[in-house]
Protein chains: 2
Amino acid sequence: MDKSTKKRATITQVAKHAGVSVGTVSNYLNGTAGVSHDRAARIQQAIDVLDYIPDTLASSLRRKDSTAIHVLTPHLDSAFYTNTISTLMHDAYEAGYTVHISGYEYSSEIERQQLRALESSKPGTSIIIFNGFDDLTEIKRLAKKQIHVIMADRREIPGYTSSVIFDNRRVPFEIICLLKNRNYKRIGLFTEPTKLQNIRERVEGFLEAMKYFGYPDPEKNIYSRPDLSLDKLKNSYLYMMEILESSKREELPDAWLATSDYLAFGMMRAINEKGYSIPEDFAIVGYDNIEISGYVNPRLTTVEQDQKLFGRTLWSVITEYNKTGKYQSIELPQKIKMRGSC
Amino acid sequence: MDKSTKKRATITQVAKHAGVSVGTVSNYLNGTAGVSHDRAARIQQAIDVLDYIPDTLASSLRRKDSTAIHVLTPHLDSAFYTNTISTLMHDAYEAGYTVHISGYEYSSEIERQQLRALESSKPGTSIIIFNGFDDLTEIKRLAKKQIHVIMADRREIPGYTSSVIFDNRRVPFEIICLLKNRNYKRIGLFTEPTKLQNIRERVEGFLEAMKYFGYPDPEKNIYSRPDLSLDKLKNSYLYMMEILESSKREELPDAWLATSDYLAFGMMRAINEKGYSIPEDFAIVGYDNIEISGYVNPRLTTVEQDQKLFGRTLWSVITEYNKTGKYQSIELPQKIKMRGSC
DNA sequence: TTGAAAGCGATACCAA
DNA sequence: TTGGTATCGCTTTCAA
């Protein structure tokens with residue numbers, strides 16, 4: 001379009017303009033070695049005149065260390081992930097790291113493909129994988145290439161990766177205990193498919209707890225459908241409508257646990273539309289405590305997984321590894337956040 | 001850790017192993033030129049044996065075209081952005097493009113810094129900037145370097161960028177008309193700071209429309225606070241609580257427009273907690289129609305900005321430019337989504 | 001401190 | 001089709 005469009009200036013041109021060698025310019029730029037005062041001035045001037053900006057691509061091709069962080073999430077649409085990533089990014093940017101995000105849409109195929117693409121990362125790169133499927137071969141390959149893999153919300157592979165997870169085991173007992181004290185007769189579990197480890201743990205935890213507190217045959221009260229991973233709001237709403245239409249209230253659980261806040265929102269809408277009230281007719285407990293959960297009506301009682309803490313912990317695991325080369329596995333607590341829906 | 005950890009194989013090693021030249025391997029990999037059957041087989045075998053994976057960094061250093069898309073958003077925590085980006089990513093990945101996302105946290109300083117970092121992108125790279133501040137110098141610099149900048153939800157800089165925006169002008173008239181027909185006496189505008197163009201347009205649009213329909217002094221009913229950009233839910237809730245506590249209901253607007261759904265949620269919580277009901281005491285209209293808006297109680301009446309359409313349109317602008325080198329400016333419609341809050 | 005020169009891992013061109 | 005080689009923009013020895 002524009003005749004005046006010039007190609008980007010290179011370090012060579014800067015050197016020429018300043019009358020020094022490229023090595024000196026490089027030293028000046030990176031502080032690798034001292035540069036005399038007058039040369040420094042000439043170089044800086046050349047940079048300004050030529051409007052020079054270093055090519056990060058070429059730079060990191062030659063450089064050995066990597067300040068890139070790649071984040072892989074099941075899906076970008078979930079506030080639980082984006083909030084966590086937001087805090088991580090904040091810390092990372094301040095330290096001069098670059099953060100790249102992608103989503104694999106709950107597809108093991110896309111996950112594998114993305115993981116393979118990341119194999120060409122430099123040693124020292126950090127890769128955060130949220131949840132993820134059971135096939136560990138790709139992850140191990142990555143680890144063998146000296147790439148630091150951090151399992152987020154998922155247990156580490158000992159000797160291969162770091163991890164930051166939430167303790168999914170304790171809270172179910174507290175919740176069931178609470179529900180029992182409030183005299184709820186039947187407890188339903190509303191859950192997405194258990195292909196991901198964290199969901200599996202939650203389901204197992206609840207089943208154990210229900211048995212422990214004397215609820216018979218808890219497995220019979222599991223409500224799940226394959227389409228509940230994606231489009232959680234819509235699909236949980238539709239599913240709950242079906243449930244409410246095909247059964248009488250007395251036959252249904254009077255308290256429900258959902259394995260995600262989004263699932264809970266879908267259920268709540270269905271319950272409202274059918275003219276029931278929460279928590280009088282049905283009590284609801286969610287999972288994650290995304291921010292919006294405190295703003296719906298009634299406000300959602302849920303299991304808090306502190307996303308700011310999560311993000312900061314991930315960052316600390318990364319910096320620690322970059323300093324010492326050691327993997328870390330950290331377990332974060334979950335808390336019950338009591339609000340109006342139960 | 002592991003003694004067996006080898007350095008990554010390079011194209012040279014593959015060539016050596018297969019007994020061909022690097023050029024031929026490159027041709028085989030990229031289909032740049034035909035490769036004879038037996039050599040192809042030998043190369044593929046070498047690749048398998050050596051576990052070779054091309055270095056994308058080195059590749060794009062040398063290559064002229066770029067398949068990278070960078071997305072810059074005000075903040076990652078807003079579903080409006082993430083939903084749009086999700087659809088874009090879906091299309092982009094299928095075409096072999098890589099998508100990189102970052103957020104500037106509603107800070108013009110961080111925005112500038114990120115934009116500068118992107119200056120080292122190759123010509124042909126696409127950069128999508130959502131909203132953004134008024135300083136156009138960085139963007140123009142980018143454009144001069146043959147980088148394709150797409151202004152998202154913001155008007156193009158003619159001759160410099162493409163753009164995809166929503167028509168913020170028509171819908172306010174429809175809404176005010178509707179409100180007037182329903183006999184609302186006073187209309188309040190609840191808005192974040194107008195530093196971003198889209199918000200400014202919405203505010204101006206509403207003011208015009210209110211005047212047009214005979215509401216006197218609409219400026220007097222603007223409720224805004226600087227902290228409403230960040231932490232929208234919390235801050236709008238706190239602000240609305242203050243408003244409700246410091247005035248009698250009769251003195252306040254009986255219908256409210258919010259410039260974002262998140263703002264509306266915060267208001268709704270405050271209204272509920274003060275014992276008022278929606279829409280009887282106060283009617284609420286939001287903006288964006290993020291998915292959750294259809295699931296709160298009451299369901300939020302809002303201005304739909306179709307995020308799937310938005311994402312797909314952005315993608316089409318990118319592919320079109322890469323084919324023809326032409327900038328495009330596309331305007332998308334907004335629609336009123338009638339639900340229960342008004 | 002400084003400059004010259006040797007790579008990093010790939011692609012692109014040219015001659016064969 | 002092939003192979004050889006210059007090159008992309010930068011960092012990193014190494015000798016001066």
# chains A, B, ... in the order shown; residues from 1 in each chain; ligands from 1
>>> interface_residues(of="chain B", to="chain D", cutoff="6 Å", atoms="only C-alpha atoms (C1' of nucleotides)", output="ChimeraX atom specification")
/B:21,61-62
>>> write_last_selection(atoms="N, CA, C and O atoms", output="PDB file, in the first residue's frame")
ATOM      1  N   SER B  21      20.027 -34.924   0.905  1.00  0.00           N
ATOM      2  CA  SER B  21      20.385 -33.574   1.345  1.00  0.00           C
ATOM      3  C   SER B  21      19.268 -32.949   2.179  1.00  0.00           C
ATOM      4  O   SER B  21      18.115 -33.369   2.098  1.00  0.00           O
ATOM      5  N   LEU B  61      11.375 -18.389  11.311  1.00  0.00           N
ATOM      6  CA  LEU B  61      12.404 -17.369  11.136  1.00  0.00           C
ATOM      7  C   LEU B  61      12.729 -17.218   9.652  1.00  0.00           C
ATOM      8  O   LEU B  61      12.905 -16.129   9.130  1.00  0.00           O
ATOM      9  N   ARG B  62      12.793 -18.340   8.999  1.00  0.00           N
ATOM     10  CA  ARG B  62      13.186 -18.329   7.598  1.00  0.00           C
ATOM     11  C   ARG B  62      12.012 -18.075   6.654  1.00  0.00           C
ATOM     12  O   ARG B  62      12.151 -17.445   5.629  1.00  0.00           O
TER      13      ARG B  62
END
>>> interface_residues(of="chain A", to="chain B", cutoff="7 Å", atoms="only C-alpha atoms", output="ChimeraX atom specification")
/A:5,53-58,61,76-77,79,82-83,86,100-101,120,144-145,265-266,269,295-297
>>> write_last_selection(atoms="N, CA, C and O atoms", output="CSV table (one decimal), in the first residue's frame")
chain,number,residue,atom,x,y,z
A,5,THR,N,6.8,1.9,3.2
A,5,THR,CA,6.9,0.8,4.1
A,5,THR,C,8.3,0.1,4.0
A,5,THR,O,8.7,-0.4,2.9
A,53,ILE,N,13.6,-2.9,16.5
A,53,ILE,CA,13.1,-3.8,17.5
A,53,ILE,C,13.6,-5.2,17.3
A,53,ILE,O,13.5,-5.7,16.2
A,54,PRO,N,14.2,-5.8,18.3
A,54,PRO,CA,14.8,-7.1,18.2
A,54,PRO,C,13.8,-8.1,17.8
A,54,PRO,O,12.6,-8.0,18.1
A,55,ASP,N,14.2,-9.1,17.0
A,55,ASP,CA,13.4,-10.2,16.6
A,55,ASP,C,13.4,-11.3,17.7
A,55,ASP,O,14.4,-12.0,17.8
A,56,THR,N,12.3,-11.4,18.4
A,56,THR,CA,12.3,-12.4,19.5
A,56,THR,C,12.5,-13.8,19.0
A,56,THR,O,13.0,-14.7,19.6
A,57,LEU,N,12.0,-14.1,17.7
A,57,LEU,CA,12.1,-15.4,17.2
A,57,LEU,C,13.5,-15.8,17.0
A,57,LEU,O,14.0,-16.8,17.4
A,58,ALA,N,14.2,-14.9,16.3
A,58,ALA,CA,15.7,-15.2,16.0
A,58,ALA,C,16.4,-15.3,17.3
A,58,ALA,O,17.3,-16.1,17.5
A,61,LEU,N,15.8,-18.5,19.1
A,61,LEU,CA,16.3,-19.7,18.3
A,61,LEU,C,17.8,-19.9,18.8
A,61,LEU,O,18.2,-21.0,18.9
A,76,LEU,N,-11.9,-22.9,26.8
A,76,LEU,CA,-11.7,-21.5,27.2
A,76,LEU,C,-12.9,-20.9,27.9
A,76,LEU,O,-12.8,-19.9,28.6
A,77,ASP,N,-14.1,-21.5,27.7
A,77,ASP,CA,-15.3,-20.9,28.1
A,77,ASP,C,-15.6,-21.0,29.6
A,77,ASP,O,-16.6,-20.6,30.1
A,79,ALA,N,-15.0,-20.1,33.4
A,79,ALA,CA,-14.4,-19.0,34.2
A,79,ALA,C,-13.4,-19.6,35.2
A,79,ALA,O,-12.5,-18.9,35.6
A,82,THR,N,-10.2,-19.5,33.1
A,82,THR,CA,-9.7,-18.1,32.7
A,82,THR,C,-9.3,-17.3,34.0
A,82,THR,O,-8.4,-16.5,33.9
A,83,ASN,N,-10.0,-17.5,35.1
A,83,ASN,CA,-9.7,-16.7,36.3
A,83,ASN,C,-8.3,-17.2,36.8
A,83,ASN,O,-7.5,-16.4,37.2
A,86,SER,N,-5.7,-15.8,34.4
A,86,SER,CA,-5.5,-14.4,34.6
A,86,SER,C,-4.5,-14.0,35.6
A,86,SER,O,-3.6,-13.2,35.4
A,100,HIS,N,1.0,-18.4,26.5
A,100,HIS,CA,0.2,-18.8,25.3
A,100,HIS,C,-0.8,-19.7,25.8
A,100,HIS,O,-0.6,-20.7,26.5
A,101,ILE,N,-2.0,-19.5,25.3
A,101,ILE,CA,-3.2,-20.3,25.8
A,101,ILE,C,-3.8,-21.0,24.7
A,101,ILE,O,-4.0,-20.4,23.6
A,120,SER,N,8.1,-29.2,19.9
A,120,SER,CA,9.2,-28.5,19.3
A,120,SER,C,9.6,-27.3,20.2
A,120,SER,O,10.3,-26.4,19.8
A,144,LYS,N,10.7,-35.9,28.7
A,144,LYS,CA,12.0,-36.4,28.3
A,144,LYS,C,12.8,-35.4,27.5
A,144,LYS,O,14.0,-35.5,27.5
A,145,LYS,N,12.1,-34.5,26.9
A,145,LYS,CA,12.8,-33.4,26.2
A,145,LYS,C,13.1,-32.2,27.1
A,145,LYS,O,13.3,-31.1,26.6
A,265,PHE,N,-26.2,-24.1,37.6
A,265,PHE,CA,-27.0,-23.0,37.0
A,265,PHE,C,-28.1,-23.5,36.1
A,265,PHE,O,-29.2,-23.1,36.1
A,266,GLY,N,-27.7,-24.5,35.3
A,266,GLY,CA,-28.6,-25.1,34.3
A,266,GLY,C,-29.8,-25.8,35.1
A,266,GLY,O,-30.9,-25.6,34.8
A,269,ARG,N,-32.2,-23.2,36.7
A,269,ARG,CA,-33.1,-22.6,35.7
A,269,ARG,C,-34.3,-23.6,35.5
A,269,ARG,O,-35.5,-23.1,35.5
A,295,TYR,N,-23.6,-14.3,42.7
A,295,TYR,CA,-24.5,-13.2,42.2
A,295,TYR,C,-25.8,-13.7,41.6
A,295,TYR,O,-26.6,-12.9,41.2
A,296,VAL,N,-26.0,-15.0,41.5
A,296,VAL,CA,-27.2,-15.5,41.0
A,296,VAL,C,-28.3,-15.6,42.2
A,296,VAL,O,-27.9,-15.3,43.3
A,297,ASN,N,-29.5,-15.9,41.8
A,297,ASN,CA,-30.6,-15.8,42.8
A,297,ASN,C,-31.3,-17.1,42.8
A,297,ASN,O,-31.9,-17.5,41.8
>>> select_by_dssp(residues="range 61-164 of chain A", states="strand (DSSP E)", output="list in words")
Ala68, Ile69, His70, Val71, Leu72, Thr73, Thr98, Val99, His100, Ile101, Ser102, Gly103, Ser126, Ile127, Ile128, Ile129, Phe130, His148, Val149, Ile150, Met151, Ala152, Ser162, Ser163 and Val164 of chain A
>>> write_last_selection(atoms="C-alpha atoms", output="tab-separated table (two decimals), in the first residue's frame")
chain	number	residue	atom	x	y	z
A	68	ALA	CA	7.55	-19.23	27.37
A	69	ILE	CA	4.62	-20.70	29.26
A	70	HIS	CA	2.03	-22.68	27.37
A	71	VAL	CA	-1.34	-23.33	28.92
A	72	LEU	CA	-3.67	-26.03	27.70
A	73	THR	CA	-7.24	-26.03	28.99
A	98	THR	CA	5.13	-14.87	27.68
A	99	VAL	CA	1.96	-16.86	28.13
A	100	HIS	CA	0.23	-18.77	25.35
A	101	ILE	CA	-3.16	-20.28	25.81
A	102	SER	CA	-5.12	-22.86	23.93
A	103	GLY	CA	-8.14	-25.06	24.45
A	126	SER	CA	6.81	-24.67	30.87
A	127	ILE	CA	3.61	-26.36	29.85
A	128	ILE	CA	0.57	-26.28	32.07
A	129	ILE	CA	-2.04	-28.90	31.28
A	130	PHE	CA	-5.41	-28.52	32.91
A	148	HIS	CA	8.60	-28.77	32.32
A	149	VAL	CA	5.08	-30.12	32.40
A	150	ILE	CA	2.79	-29.01	35.20
A	151	MET	CA	-0.36	-31.01	35.72
A	152	ALA	CA	-3.03	-28.59	36.83
A	162	SER	CA	5.01	-31.22	38.69
A	163	SER	CA	1.43	-30.79	39.76
A	164	VAL	CA	-0.94	-28.48	41.56
>>> closest_residue(among="B:Tyr212, B:Ala40, B:Ala9, B:Thr324", to="Thr24 in chain B", atoms="only C-alpha atoms")
B:Ala40
